[in-house]
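Since the structure comes first, as structure tokens, the remarks are kept for the end.
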Amino acid sequence: MIIKRTALATAALAATGLLAAAGPAAADSPAGVADTGNANFTKAGTTISIPTQAPCAVEGPTSGSATAVSKPGVTFGGGTSSCTTEVVDPANDVTTTTSTATGNNFELSALVSTGGKRIRISSYTVTCKATQSGTNANWTLSGLTGISGLPSPIPANYTKPLTKSDGTVLANAVFNIQTLPGDGSMTLTMLRVDFAPASGASGSVTVGHTACAPTP
């Protein structure tokens, strides 16, 4: 199964579809970042924490890598990232940025003990590109198992309940999470799994994240 999704954020297009004046990115909008994910949840009194994997940033470090890491209930199979800047007009110091992270062999087994499915993703990539006029981001994944019935295309901030056979919700899988402040910057998270009380766990797992802002 291969899923692709693209999102756009331009300084001249508001969420309502009306034209708006271009403006500088907000102070807390990163110029460009990417990572393959992280985990922070508690189950049966034990806290499971995997720090942000293979992070990069346009300001540095501009590349990252991570080897496979496995904790009870979750595995990240390793990955790489790159956050680059390209000078497209040297005379006027005009640049573009590209922030990308690629991960492999993700597995979430934390729901199995309470009747849920094992979730696997063979590979996935998130990318955010920025120019002076705006940003665009996209993500792809392949080899998804354990989650079915997804719409095509997957809309922004789409929530898929993860249930056991009797319909009890164990967690919510939120795909294509987008934040568009309206200043041309954007953040994109491919997938976040939020545990529900019936799972016996609390917290979340994030898979694939990137963000960028228009270049100066």
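Ligands are numbered from 1 in the order shown, residues from 1 within each chain, and chains are lettered A, B, ... in the order they appear in the structure tokens.
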Worksheet item: Which parts of region 74-140 of chain A does DSSP call helix (DSSP H, G or I) when run on the backbone here, written out as a PyMOL selection string?
Response: chain A and resi 90-92+112-114
Discussion item. If I take CA of Val207 (chain A) and CA of Ser82 (chain A), how far is one from the other in Å, to one decimal?
Written reply: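 It comes out at 16.4 Å.
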Discussion item. Could you check the closest approach to Val58 (chain A) for each of A:Ser70, A:Ser99, A:Ser142, A:Thr215 and tell me which residue wins, using only C-alpha atoms?
Written reply: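 Comparing A:Ser70, A:Ser99, A:Ser142, A:Thr215 against Val58 (chain A), the winner is A:Ser99.
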Worksheet item: Which polymer residues have any atom within 8 Å of an atom of Gly79 (chain A), counting only C-alpha atoms, with same-chain residues fewer than 3 positions away left out, as an NGL selection string?
Response: :A and (36 or 53-54 or 65-68 or 101-104)
Discussion item. Just checking: using only C-alpha atoms, which residue out of A:Ala110, A:Ile119, A:Val69, A:Cys128 ends up closest to Thr42 (chain A)?
Written reply: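 Looking at the shortest contact to Thr42 (chain A), the residue is A:Ala110.
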Item to complete: Within 10 Å of Ser109 (chain A), counting only C-alpha atoms, which residues show up once you throw out same-chain ones fewer than 6 positions away? Write them as a list in words, please.
Response: Pro72, Gly73, Val74, Thr75, Gly116, Lys117, Arg118, Ile119, Arg120 and Gly146 of chain A
Worksheet item: Of the candidates A:Ala171, A:Ala156, A:Leu180, A:Ala91, which one gets nearest to Ala213 (chain A) if we count only C-alpha atoms?
Response: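 So, comparing all the options, the nearest one is A:Leu180.
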Item to complete: Please run DSSP on the backbone and report, as a PyMOL selection string, all residues within region 11-151 of chain A that come out as strand (DSSP E or B).
Response: chain A and resi 13+19+32-43+46-53+56-57+63-66+69-71+74-76+79-89+94-108+119-130+134-142+145
Excluding Gln132 (chain A) and residues on its chain fewer than 5 positions from it, collect all residues at most 8 Å away from it, counting only C-alpha atoms, and give them as an mmCIF file with all heavy atoms, in the first residue's frame.
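As written to disk, result_34.cif reads:
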```cif
data_model
loop_
_atom_site.group_PDB
_atom_site.id
_atom_site.type_symbol
_atom_site.label_atom_id
_atom_site.label_comp_id
_atom_site.auth_asym_id
_atom_site.auth_seq_id
_atom_site.Cartn_x
_atom_site.Cartn_y
_atom_site.Cartn_z
ATOM 1 N N VAL A 94 18.725 35.309 -2.493
ATOM 2 C CA VAL A 94 17.449 34.592 -2.477
ATOM 3 C C VAL A 94 17.731 33.102 -2.345
ATOM 4 O O VAL A 94 18.549 32.536 -3.088
ATOM 5 C CB VAL A 94 16.637 34.863 -3.756
ATOM 6 C CG1 VAL A 94 15.345 34.060 -3.759
ATOM 7 C CG2 VAL A 94 16.329 36.357 -3.858
ATOM 8 N N THR A 95 17.047 32.451 -1.406
ATOM 9 C CA THR A 95 17.282 31.029 -1.158
ATOM 10 C C THR A 95 15.975 30.245 -1.145
ATOM 11 O O THR A 95 14.886 30.805 -1.004
ATOM 12 C CB THR A 95 17.969 30.818 0.200
ATOM 13 O OG1 THR A 95 17.111 31.302 1.246
ATOM 14 C CG2 THR A 95 19.303 31.543 0.258
ATOM 15 N N THR A 96 16.113 28.938 -1.279
ATOM 16 C CA THR A 96 15.022 28.000 -1.032
ATOM 17 C C THR A 96 15.536 26.958 -0.045
ATOM 18 O O THR A 96 16.753 26.755 0.084
ATOM 19 C CB THR A 96 14.556 27.300 -2.321
ATOM 20 O OG1 THR A 96 15.635 26.506 -2.850
ATOM 21 C CG2 THR A 96 14.119 28.313 -3.371
ATOM 22 N N PRO A 214 8.587 30.476 4.865
ATOM 23 C CA PRO A 214 9.122 31.171 3.697
ATOM 24 C C PRO A 214 10.522 31.705 3.949
ATOM 25 O O PRO A 214 10.833 32.176 5.039
ATOM 26 C CB PRO A 214 8.108 32.297 3.468
ATOM 27 C CG PRO A 214 6.834 31.777 4.032
ATOM 28 C CD PRO A 214 7.250 30.969 5.235
ATOM 29 N N THR A 215 11.356 31.659 2.926
ATOM 30 C CA THR A 215 12.731 32.122 3.077
ATOM 31 C C THR A 215 12.779 33.637 3.052
ATOM 32 O O THR A 215 11.902 34.297 2.475
ATOM 33 C CB THR A 215 13.607 31.554 1.945
ATOM 34 O OG1 THR A 215 13.047 31.952 0.684
ATOM 35 C CG2 THR A 215 13.659 30.039 2.012
ATOM 36 N N PRO A 216 13.783 34.223 3.691
ATOM 37 C CA PRO A 216 13.858 35.685 3.755
ATOM 38 C C PRO A 216 14.226 36.315 2.416
ATOM 39 O O PRO A 216 14.685 35.658 1.507
ATOM 40 C CB PRO A 216 14.968 35.931 4.791
ATOM 41 C CG PRO A 216 15.807 34.699 4.750
ATOM 42 C CD PRO A 216 14.864 33.571 4.439
#
```
Practice prompt. Work out how far apart CA of Tyr124 (chain A) and CA of Val87 (chain A) are and give it in Å to one decimal.
Written response: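 If I compute the distance from CA of Tyr124 (chain A) to CA of Val87 (chain A), I get 27.8 Å.
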